[in-house]
>>> print(open('start_31.pdb').read())   # PDB, C-alpha atoms
ATOM      1  CA  MET A   1      -2.887   2.694   7.025
ATOM      2  CA  GLY A   2      -6.304   4.151   7.903
ATOM      3  CA  ALA A   3      -7.946   0.745   8.367
ATOM      4  CA  LYS A   4      -5.020  -0.447  10.472
ATOM      5  CA  PHE A   5      -5.203   2.665  12.645
ATOM      6  CA  THR A   6      -8.949   2.160  13.113
ATOM      7  CA  LYS A   7      -8.337  -1.440  14.188
ATOM      8  CA  ILE A   8      -5.653  -0.289  16.633
ATOM      9  CA  LYS A   9      -7.993   2.338  18.108
ATOM     10  CA  ALA A  10     -10.726  -0.298  18.417
ATOM     11  CA  ALA A  11      -8.323  -2.713  20.102
ATOM     12  CA  ILE A  12      -7.253  -0.061  22.602
ATOM     13  CA  LEU A  13     -10.870   0.866  23.309
ATOM     14  CA  GLY A  14     -11.765  -2.810  23.697
ATOM     15  CA  GLY A  15      -8.950  -3.254  26.206
ATOM     16  CA  ALA A  16     -10.073  -0.181  28.116
ATOM     17  CA  VAL A  17     -13.634  -1.489  28.232
ATOM     18  CA  ALA A  18     -12.353  -4.880  29.371
ATOM     19  CA  MET A  19     -10.509  -3.298  32.276
ATOM     20  CA  SER A  20     -13.384  -1.009  33.234
ATOM     21  CA  ALA A  21     -15.535  -1.705  36.265
ATOM     22  CA  MET A  22     -18.517   0.016  34.620
ATOM     23  CA  PRO A  23     -21.372  -2.006  33.151
ATOM     24  CA  ALA A  24     -21.112  -2.493  29.401
ATOM     25  CA  ASN A  25     -23.731   0.078  28.530
ATOM     26  CA  ALA A  26     -22.883   2.720  31.148
ATOM     27  CA  GLU A  27     -21.425   5.072  28.531
ATOM     28  CA  GLY A  28     -24.062   4.348  25.898
ATOM     29  CA  MET A  29     -22.178   1.518  24.187
ATOM     30  CA  GLU A  30     -24.354  -1.328  23.046
ATOM     31  CA  TYR A  31     -23.551  -4.817  24.329
ATOM     32  CA  GLU A  32     -22.863  -5.939  20.767
ATOM     33  CA  THR A  33     -20.290  -3.158  20.304
ATOM     34  CA  VAL A  34     -18.560  -4.035  23.559
ATOM     35  CA  THR A  35     -18.359  -7.747  22.726
ATOM     36  CA  ASP A  36     -17.182  -6.944  19.195
ATOM     37  CA  LEU A  37     -14.344  -4.823  20.619
ATOM     38  CA  LEU A  38     -13.408  -7.420  23.220
ATOM     39  CA  HIS A  39     -13.355 -10.079  20.512
ATOM     40  CA  LEU A  40     -11.158  -7.906  18.288
ATOM     41  CA  VAL A  41      -8.515  -7.774  21.023
ATOM     42  CA  MET A  42      -8.805 -11.485  21.817
ATOM     43  CA  SER A  43      -8.740 -12.564  18.174
ATOM     44  CA  SER A  44      -5.778 -10.327  17.350
ATOM     45  CA  ASP A  45      -3.720 -11.643  20.277
ATOM     46  CA  ARG A  46      -4.635 -15.250  19.482
ATOM     47  CA  THR A  47      -3.761 -14.863  15.801
ATOM     48  CA  VAL A  48      -0.435 -13.195  16.549
ATOM     49  CA  TYR A  49       0.541 -15.953  18.990
ATOM     50  CA  THR A  50      -0.583 -18.694  16.595
ATOM     51  CA  ARG A  51       1.101 -17.315  13.482
ATOM     52  CA  MET A  52       4.216 -15.622  14.859
ATOM     53  CA  ILE A  53       5.091 -18.001  17.667
ATOM     54  CA  VAL A  54       3.536 -21.457  17.336
ATOM     55  CA  ASN A  55       3.323 -21.769  13.556
ATOM     56  CA  ARG A  56       6.723 -20.177  12.955
ATOM     57  CA  LEU A  57       8.652 -22.051  15.648
ATOM     58  CA  ALA A  58       6.843 -25.407  15.636
ATOM     59  CA  VAL A  59       5.696 -25.845  12.028
ATOM     60  CA  GLN A  60       7.960 -23.750   9.802
ATOM     61  CA  GLU A  61      11.309 -23.702  11.620
ATOM     62  CA  LYS A  62      10.743 -26.835  13.741
ATOM     63  CA  VAL A  63      12.724 -25.302  16.631
ATOM     64  CA  ILE A  64      10.331 -26.435  19.367
ATOM     65  CA  THR A  65       7.057 -28.334  19.476
ATOM     66  CA  ALA A  66       3.712 -27.156  20.779
ATOM     67  CA  SER A  67       1.934 -29.573  23.062
ATOM     68  CA  GLU A  68      -0.992 -29.881  25.424
ATOM     69  CA  HIS A  69       1.594 -31.358  27.829
ATOM     70  CA  PHE A  70       3.826 -28.293  27.474
ATOM     71  CA  VAL A  71       5.323 -28.463  30.989
ATOM     72  CA  ASP A  72       6.353 -32.122  30.864
ATOM     73  CA  GLU A  73       7.528 -31.880  27.267
ATOM     74  CA  LYS A  74       9.182 -28.442  27.601
ATOM     75  CA  ALA A  75       7.088 -27.268  24.659
ATOM     76  CA  LEU A  76       5.066 -24.251  23.626
ATOM     77  CA  VAL A  77       1.595 -23.762  25.071
ATOM     78  CA  LEU A  78      -1.079 -24.520  22.463
ATOM     79  CA  PRO A  79      -3.027 -21.465  21.263
ATOM     80  CA  ALA A  80      -6.274 -22.875  22.718
ATOM     81  CA  GLN A  81      -4.591 -23.371  26.095
ATOM     82  CA  MET A  82      -3.167 -19.861  26.065
ATOM     83  CA  PHE A  83      -6.645 -18.527  25.335
ATOM     84  CA  ARG A  84      -8.139 -20.546  28.209
ATOM     85  CA  PHE A  85      -5.430 -19.379  30.627
ATOM     86  CA  GLY A  86      -6.256 -15.777  29.719
ATOM     87  CA  ALA A  87      -9.972 -16.399  30.274
ATOM     88  CA  GLU A  88      -9.227 -17.908  33.679
ATOM     89  CA  MET A  89      -7.127 -14.886  34.687
ATOM     90  CA  VAL A  90      -9.869 -12.483  33.611
ATOM     91  CA  ALA A  91     -12.421 -14.494  35.624
ATOM     92  CA  GLU A  92     -10.237 -14.049  38.721
ATOM     93  CA  GLU A  93     -10.241 -10.265  38.250
ATOM     94  CA  THR A  94     -13.795  -9.388  37.190
ATOM     95  CA  ASP A  95     -17.327 -10.652  36.791
ATOM     96  CA  GLU A  96     -18.224  -7.864  34.305
ATOM     97  CA  PHE A  97     -17.692 -10.299  31.412
ATOM     98  CA  SER A  98     -16.421 -13.787  30.680
ATOM     99  CA  TYR A  99     -15.196 -15.613  27.626
ATOM    100  CA  SER A 100     -14.356 -19.104  26.472
ATOM    101  CA  LEU A 101     -13.337 -21.067  23.397
ATOM    102  CA  LEU A 102     -15.809 -23.803  22.511
ATOM    103  CA  SER A 103     -16.364 -26.164  19.582
ATOM    104  CA  LEU A 104     -18.895 -28.544  18.120
ATOM    105  CA  TRP A 105     -15.860 -30.830  17.564
ATOM    106  CA  PRO A 106     -13.791 -30.423  20.737
ATOM    107  CA  ILE A 107     -10.689 -32.492  21.307
ATOM    108  CA  ASN A 108     -11.067 -31.736  25.024
ATOM    109  CA  LYS A 109     -14.676 -32.477  25.990
ATOM    110  CA  GLN A 110     -14.707 -29.559  28.482
ATOM    111  CA  ASN A 111     -14.724 -27.294  25.401
ATOM    112  CA  ALA A 112     -18.087 -28.566  24.137
ATOM    113  CA  PRO A 113     -21.168 -26.317  24.330
ATOM    114  CA  THR A 114     -23.110 -26.708  27.574
ATOM    115  CA  THR A 115     -26.060 -24.348  27.056
ATOM    116  CA  PRO A 116     -28.634 -24.259  24.260
ATOM    117  CA  MET A 117     -27.439 -20.764  23.276
ATOM    118  CA  GLU A 118     -23.806 -21.913  22.996
ATOM    119  CA  LYS A 119     -24.848 -24.785  20.739
ATOM    120  CA  GLU A 120     -27.128 -22.573  18.642
ATOM    121  CA  GLY A 121     -24.397 -19.949  18.294
ATOM    122  CA  LEU A 122     -21.737 -22.484  17.295
ATOM    123  CA  GLU A 123     -24.070 -24.070  14.746
ATOM    124  CA  TYR A 124     -24.922 -20.633  13.342
ATOM    125  CA  ILE A 125     -21.322 -19.455  12.874
ATOM    126  CA  SER A 126     -20.385 -22.812  11.344
ATOM    127  CA  ALA A 127     -23.231 -22.582   8.814
ATOM    128  CA  ASN A 128     -22.690 -18.849   8.126
ATOM    129  CA  PRO A 129     -18.956 -18.197   7.632
ATOM    130  CA  GLY A 130     -17.898 -14.675   8.499
ATOM    131  CA  GLU A 131     -20.980 -13.926  10.588
ATOM    132  CA  ASN A 132     -21.307 -13.569  14.351
ATOM    133  CA  PHE A 133     -24.158 -14.705  16.581
ATOM    134  CA  TYR A 134     -25.797 -12.600  19.314
ATOM    135  CA  GLY A 135     -28.495 -13.405  21.842
ATOM    136  CA  GLU A 136     -29.652 -13.257  25.429
ATOM    137  CA  GLU A 137     -29.840 -16.150  27.852
ATOM    138  CA  GLU A 138     -30.621 -16.646  31.511
ATOM    139  CA  LEU A 139     -28.156 -18.632  33.595
ATOM    140  CA  GLY A 140     -28.446 -19.031  37.343
ATOM    141  CA  GLY A 141     -31.031 -16.261  37.598
ATOM    142  CA  THR A 142     -28.900 -13.725  35.682
ATOM    143  CA  THR A 143     -29.616 -12.525  32.143
ATOM    144  CA  TYR A 144     -26.568 -12.375  29.888
ATOM    145  CA  PHE A 145     -25.856 -10.832  26.526
ATOM    146  CA  THR A 146     -24.073 -13.690  24.756
ATOM    147  CA  ALA A 147     -22.024 -13.317  21.583
ATOM    148  CA  VAL A 148     -20.408 -16.132  19.607
ATOM    149  CA  TYR A 149     -17.612 -15.407  17.114
ATOM    150  CA  PRO A 150     -16.037 -17.835  14.647
ATOM    151  CA  ASP A 151     -12.652 -19.242  15.612
ATOM    152  CA  VAL A 152     -10.984 -19.769  12.256
ATOM    153  CA  ALA A 153      -7.971 -21.884  11.291
ATOM    154  CA  VAL A 154      -5.415 -19.106  10.691
ATOM    155  CA  ALA A 155      -2.264 -21.231  10.328
ATOM    156  CA  GLU A 156      -1.162 -24.767   9.558
ATOM    157  CA  ALA A 157      -0.491 -25.238  13.279
ATOM    158  CA  CYS A 158      -4.272 -25.042  13.841
ATOM    159  CA  TRP A 159      -5.615 -27.544  11.365
ATOM    160  CA  SER A 160      -2.696 -29.980  11.477
ATOM    161  CA  CYS A 161      -2.877 -30.226  15.278
ATOM    162  CA  HIS A 162      -6.623 -30.824  15.260
ATOM    163  CA  ASN A 163      -6.598 -33.160  12.249
ATOM    164  CA  ASN A 164      -3.814 -35.335  13.682
ATOM    165  CA  HIS A 165      -4.796 -35.426  17.368
ATOM    166  CA  LYS A 166      -5.630 -38.933  18.642
ATOM    167  CA  ASP A 167      -8.895 -37.712  20.228
ATOM    168  CA  THR A 168     -10.148 -35.547  17.382
ATOM    169  CA  PRO A 169     -13.785 -36.001  16.360
ATOM    170  CA  LYS A 170     -13.100 -34.213  13.033
ATOM    171  CA  ASN A 171      -9.948 -34.597  10.950
ATOM    172  CA  ASP A 172     -10.567 -32.659   7.749
ATOM    173  CA  PHE A 173     -10.034 -29.020   8.796
ATOM    174  CA  GLU A 174      -8.391 -26.725   6.252
ATOM    175  CA  ALA A 175      -7.148 -23.132   6.170
ATOM    176  CA  GLY A 176      -9.967 -20.685   6.891
ATOM    177  CA  ASP A 177     -12.358 -23.288   8.324
ATOM    178  CA  VAL A 178     -14.443 -22.431  11.376
ATOM    179  CA  MET A 179     -13.065 -24.790  14.020
ATOM    180  CA  GLY A 180     -15.094 -23.472  16.936
ATOM    181  CA  GLY A 181     -16.207 -20.229  18.490
ATOM    182  CA  VAL A 182     -15.324 -17.613  21.058
ATOM    183  CA  VAL A 183     -18.233 -17.127  23.461
ATOM    184  CA  ILE A 184     -18.364 -13.780  25.291
ATOM    185  CA  ARG A 185     -20.929 -13.092  28.023
ATOM    186  CA  ILE A 186     -21.841  -9.842  29.738
ATOM    187  CA  PRO A 187     -24.365  -9.837  32.608
ATOM    188  CA  MET A 188     -27.250  -7.502  31.798
ATOM    189  CA  ASP A 189     -28.879  -7.344  35.242
TER     190      ASP A 189
END
>>> encode(input="start_31.pdb", output="structure tokens")
Amino acid sequence: MGAKFTKIKAAILGGAVAMSAMPANAEGMEYETVTDLLHLVMSSDRTVYTRMIVNRLAVQEKVITASEHFVDEKALVLPAQMFRFGAEMVAEETDEFSYSLLSLWPINKQNAPTTPMEKEGLEYISANPGENFYGEEELGGTTYFTAVYPDVAVAEACWSCHNNHKDTPKNDFEAGDVMGGVVIRIPMD
């Protein structure tokens, strides 16, 4: 119970930091701590949606499908799409941080790395399971703290969708594999 309570406290703190208009280090928190907390919230929400909604309803009970064409097909939104929609909503509300889901093997080419740091981070987390990647990069004249976290196949819905998609560049994902990464950026200037 203690570890669960600590995770809940961290998730609440991460959400509070996410909603704050203060710079990441205004209260003495390191950028790495802030991104770790933000990622904890994001990863928890993504895992819950994937396991309890998509995997249960689409894979186990076969009540409804999940599809990238969810509107036309009256299907569930894919976990990657739900994550992107959340990132887009956050971007409309604040410029204090941003996040995205990228991969070295994207089905949708817009989810490929576009900066050297993104590529380096994705390569690092793929080669070092369970580890995160942190660095600084300059984009458009602004210096960013950039963190990359592994996006792991947490349910059959993940690897079966990717392995069977007509546009997949990689079709041998298994449970627990790093399929991509969550990139979180905080401006440091």
>>> closest_residue(input="start_31.pdb", among="A:Arg84, A:Ala112, A:Gly181, A:Val90", to="A:Tyr124", atoms="all atoms listed in the file")
A:Gly181
>>> atom_distance(input="start_31.pdb", atom1="atom CA of A:Gly176", atom2="atom CA of A:Val152")
5.5 Å
>>> resolve_selection(input="start_31.pdb", expression="the PyMOL selection byres ((chain A and resi 129-131) around 10)", output="PyMOL selection string")
chain A and resi 124-128+132-133+148-152+176-178
>>> residues_around(input="start_31.pdb", residues="stretch 73-77 of chain A", least_positions_apart="2", cutoff="12 Å", atoms="all atoms listed in the file", output="list in words")
Arg46, Tyr49, Thr50, Ile53, Val54, Asn55, Arg56, Leu57, Ala58, Val59, Lys62, Val63, Ile64, Thr65, Ala66, Ser67, Glu68, His69, Phe70, Val71, Pro79, Ala80, Gln81, Met82, Phe83, Arg84, Phe85 and Ala157 of chain A
>>> write_last_selection(input="start_31.pdb", atoms="C-alpha atoms", output="compact mmCIF listing (two decimals), keeping the file's coordinate frame")
# COMPACT_ATOMS: atom_id res chain seq x y z
CA ARG A 46 -4.64 -15.25 19.48
CA TYR A 49 0.54 -15.95 18.99
CA THR A 50 -0.58 -18.69 16.60
CA ILE A 53 5.09 -18.00 17.67
CA VAL A 54 3.54 -21.46 17.34
CA ASN A 55 3.32 -21.77 13.56
CA ARG A 56 6.72 -20.18 12.96
CA LEU A 57 8.65 -22.05 15.65
CA ALA A 58 6.84 -25.41 15.64
CA VAL A 59 5.70 -25.84 12.03
CA LYS A 62 10.74 -26.84 13.74
CA VAL A 63 12.72 -25.30 16.63
CA ILE A 64 10.33 -26.44 19.37
CA THR A 65 7.06 -28.33 19.48
CA ALA A 66 3.71 -27.16 20.78
CA SER A 67 1.93 -29.57 23.06
CA GLU A 68 -0.99 -29.88 25.42
CA HIS A 69 1.59 -31.36 27.83
CA PHE A 70 3.83 -28.29 27.47
CA VAL A 71 5.32 -28.46 30.99
CA PRO A 79 -3.03 -21.46 21.26
CA ALA A 80 -6.27 -22.88 22.72
CA GLN A 81 -4.59 -23.37 26.10
CA MET A 82 -3.17 -19.86 26.06
CA PHE A 83 -6.64 -18.53 25.34
CA ARG A 84 -8.14 -20.55 28.21
CA PHE A 85 -5.43 -19.38 30.63
CA ALA A 157 -0.49 -25.24 13.28
>>> atom_distance(input="start_31.pdb", atom1="atom CA of A:His165", atom2="atom CA of A:Pro113")
20.0 Å
>>> closest_residue(input="start_31.pdb", among="A:His39, A:Lys119, A:Lys170, A:Arg51", to="A:Ser98", atoms="all atoms listed in the file")
A:His39
>>> axis_aligned_box(input="start_31.pdb", around="stretch 177-188 of chain A", padding_each_side="5 Å", output="JSON")
{"center_x": -19.8, "center_y": -16.1, "center_z": 20.5, "size_x": 24.9, "size_y": 27.3, "size_z": 34.3}
>>> atom_distance(input="start_31.pdb", atom1="atom CA of A:Glu30", atom2="atom CA of A:Met42")
18.6 Å
>>> residues_around(input="start_31.pdb", residues="stretch 137-140 of chain A", least_positions_apart="5", cutoff="8 Å", atoms="only C-alpha atoms", output="VMD selection string")
chain A and resid 117 145 to 146
>>> closest_residue(input="start_31.pdb", among="A:Leu40, A:Gln60, A:Ser103, A:Tyr134", to="A:His162", atoms="all atoms listed in the file")
A:Ser103
>>> closest_residue(input="start_31.pdb", among="A:Pro169, A:Gly141, A:Pro106, A:Gly180", to="A:Ala153", atoms="all atoms listed in the file")
A:Gly180
>>> closest_residue(input="start_31.pdb", among="A:Met179, A:Leu78, A:Val154, A:Ala91", to="A:Ser44", atoms="all atoms listed in the file")
A:Val154
>>> build_atoms(input="start_31.pdb", residues="stretch 131-153 of chain A", atoms="N, CA, C and O atoms", output="PDB file, in the coordinates of the input")
ATOM      1  N   GLU A 131     -19.948 -14.595   9.795  1.00  0.00           N
ATOM      2  CA  GLU A 131     -20.980 -13.926  10.588  1.00  0.00           C
ATOM      3  C   GLU A 131     -20.820 -14.271  12.061  1.00  0.00           C
ATOM      4  O   GLU A 131     -20.297 -15.319  12.417  1.00  0.00           O
ATOM      5  N   ASN A 132     -21.311 -13.371  12.901  1.00  0.00           N
ATOM      6  CA  ASN A 132     -21.307 -13.569  14.351  1.00  0.00           C
ATOM      7  C   ASN A 132     -22.724 -13.886  14.796  1.00  0.00           C
ATOM      8  O   ASN A 132     -23.689 -13.668  14.060  1.00  0.00           O
ATOM      9  N   PHE A 133     -22.855 -14.356  16.019  1.00  0.00           N
ATOM     10  CA  PHE A 133     -24.158 -14.705  16.581  1.00  0.00           C
ATOM     11  C   PHE A 133     -24.328 -13.944  17.895  1.00  0.00           C
ATOM     12  O   PHE A 133     -23.405 -13.900  18.711  1.00  0.00           O
ATOM     13  N   TYR A 134     -25.511 -13.354  18.091  1.00  0.00           N
ATOM     14  CA  TYR A 134     -25.797 -12.600  19.314  1.00  0.00           C
ATOM     15  C   TYR A 134     -27.142 -13.034  19.876  1.00  0.00           C
ATOM     16  O   TYR A 134     -28.078 -13.303  19.126  1.00  0.00           O
ATOM     17  N   GLY A 135     -27.234 -13.085  21.205  1.00  0.00           N
ATOM     18  CA  GLY A 135     -28.495 -13.405  21.842  1.00  0.00           C
ATOM     19  C   GLY A 135     -28.449 -13.107  23.328  1.00  0.00           C
ATOM     20  O   GLY A 135     -27.455 -12.612  23.846  1.00  0.00           O
ATOM     21  N   GLU A 136     -29.556 -13.398  23.978  1.00  0.00           N
ATOM     22  CA  GLU A 136     -29.652 -13.257  25.429  1.00  0.00           C
ATOM     23  C   GLU A 136     -30.049 -14.599  26.009  1.00  0.00           C
ATOM     24  O   GLU A 136     -30.848 -15.323  25.421  1.00  0.00           O
ATOM     25  N   GLU A 137     -29.501 -14.904  27.167  1.00  0.00           N
ATOM     26  CA  GLU A 137     -29.840 -16.150  27.852  1.00  0.00           C
ATOM     27  C   GLU A 137     -29.831 -15.912  29.352  1.00  0.00           C
ATOM     28  O   GLU A 137     -29.155 -15.010  29.847  1.00  0.00           O
ATOM     29  N   GLU A 138     -30.601 -16.721  30.054  1.00  0.00           N
ATOM     30  CA  GLU A 138     -30.621 -16.646  31.511  1.00  0.00           C
ATOM     31  C   GLU A 138     -29.898 -17.857  32.075  1.00  0.00           C
ATOM     32  O   GLU A 138     -30.202 -19.002  31.716  1.00  0.00           O
ATOM     33  N   LEU A 139     -28.933 -17.585  32.937  1.00  0.00           N
ATOM     34  CA  LEU A 139     -28.156 -18.632  33.595  1.00  0.00           C
ATOM     35  C   LEU A 139     -28.090 -18.321  35.078  1.00  0.00           C
ATOM     36  O   LEU A 139     -27.654 -17.226  35.457  1.00  0.00           O
ATOM     37  N   GLY A 140     -28.516 -19.229  35.894  1.00  0.00           N
ATOM     38  CA  GLY A 140     -28.446 -19.031  37.343  1.00  0.00           C
ATOM     39  C   GLY A 140     -29.164 -17.791  37.823  1.00  0.00           C
ATOM     40  O   GLY A 140     -28.703 -17.139  38.765  1.00  0.00           O
ATOM     41  N   GLY A 141     -30.257 -17.422  37.179  1.00  0.00           N
ATOM     42  CA  GLY A 141     -31.031 -16.261  37.598  1.00  0.00           C
ATOM     43  C   GLY A 141     -30.513 -14.930  37.079  1.00  0.00           C
ATOM     44  O   GLY A 141     -31.063 -13.879  37.396  1.00  0.00           O
ATOM     45  N   THR A 142     -29.459 -14.949  36.264  1.00  0.00           N
ATOM     46  CA  THR A 142     -28.900 -13.725  35.682  1.00  0.00           C
ATOM     47  C   THR A 142     -29.087 -13.767  34.171  1.00  0.00           C
ATOM     48  O   THR A 142     -28.850 -14.798  33.544  1.00  0.00           O
ATOM     49  N   THR A 143     -29.491 -12.633  33.590  1.00  0.00           N
ATOM     50  CA  THR A 143     -29.616 -12.525  32.143  1.00  0.00           C
ATOM     51  C   THR A 143     -28.297 -12.033  31.566  1.00  0.00           C
ATOM     52  O   THR A 143     -27.711 -11.071  32.069  1.00  0.00           O
ATOM     53  N   TYR A 144     -27.836 -12.707  30.538  1.00  0.00           N
ATOM     54  CA  TYR A 144     -26.568 -12.375  29.888  1.00  0.00           C
ATOM     55  C   TYR A 144     -26.777 -12.017  28.427  1.00  0.00           C
ATOM     56  O   TYR A 144     -27.601 -12.630  27.747  1.00  0.00           O
ATOM     57  N   PHE A 145     -26.014 -11.037  27.958  1.00  0.00           N
ATOM     58  CA  PHE A 145     -25.856 -10.832  26.526  1.00  0.00           C
ATOM     59  C   PHE A 145     -24.759 -11.806  26.129  1.00  0.00           C
ATOM     60  O   PHE A 145     -23.659 -11.785  26.702  1.00  0.00           O
ATOM     61  N   THR A 146     -25.030 -12.669  25.171  1.00  0.00           N
ATOM     62  CA  THR A 146     -24.073 -13.690  24.756  1.00  0.00           C
ATOM     63  C   THR A 146     -23.760 -13.516  23.279  1.00  0.00           C
ATOM     64  O   THR A 146     -24.668 -13.442  22.456  1.00  0.00           O
ATOM     65  N   ALA A 147     -22.486 -13.443  22.963  1.00  0.00           N
ATOM     66  CA  ALA A 147     -22.024 -13.317  21.583  1.00  0.00           C
ATOM     67  C   ALA A 147     -21.114 -14.502  21.263  1.00  0.00           C
ATOM     68  O   ALA A 147     -20.330 -14.934  22.115  1.00  0.00           O
ATOM     69  N   VAL A 148     -21.253 -15.025  20.054  1.00  0.00           N
ATOM     70  CA  VAL A 148     -20.408 -16.132  19.607  1.00  0.00           C
ATOM     71  C   VAL A 148     -19.745 -15.710  18.292  1.00  0.00           C
ATOM     72  O   VAL A 148     -20.434 -15.305  17.354  1.00  0.00           O
ATOM     73  N   TYR A 149     -18.418 -15.814  18.264  1.00  0.00           N
ATOM     74  CA  TYR A 149     -17.612 -15.407  17.114  1.00  0.00           C
ATOM     75  C   TYR A 149     -16.886 -16.614  16.545  1.00  0.00           C
ATOM     76  O   TYR A 149     -16.406 -17.464  17.303  1.00  0.00           O
ATOM     77  N   PRO A 150     -16.746 -16.686  15.228  1.00  0.00           N
ATOM     78  CA  PRO A 150     -16.037 -17.835  14.647  1.00  0.00           C
ATOM     79  C   PRO A 150     -14.565 -17.855  15.036  1.00  0.00           C
ATOM     80  O   PRO A 150     -13.907 -16.819  15.047  1.00  0.00           O
ATOM     81  N   ASP A 151     -14.072 -19.020  15.378  1.00  0.00           N
ATOM     82  CA  ASP A 151     -12.652 -19.242  15.612  1.00  0.00           C
ATOM     83  C   ASP A 151     -12.146 -19.989  14.379  1.00  0.00           C
ATOM     84  O   ASP A 151     -12.486 -21.150  14.165  1.00  0.00           O
ATOM     85  N   VAL A 152     -11.369 -19.288  13.578  1.00  0.00           N
ATOM     86  CA  VAL A 152     -10.984 -19.769  12.256  1.00  0.00           C
ATOM     87  C   VAL A 152      -9.558 -20.296  12.256  1.00  0.00           C
ATOM     88  O   VAL A 152      -8.683 -19.753  12.941  1.00  0.00           O
ATOM     89  N   ALA A 153      -9.314 -21.331  11.465  1.00  0.00           N
ATOM     90  CA  ALA A 153      -7.971 -21.884  11.291  1.00  0.00           C
ATOM     91  C   ALA A 153      -7.121 -20.869  10.548  1.00  0.00           C
ATOM     92  O   ALA A 153      -7.285 -20.669   9.348  1.00  0.00           O
TER      93      ALA A 153
END
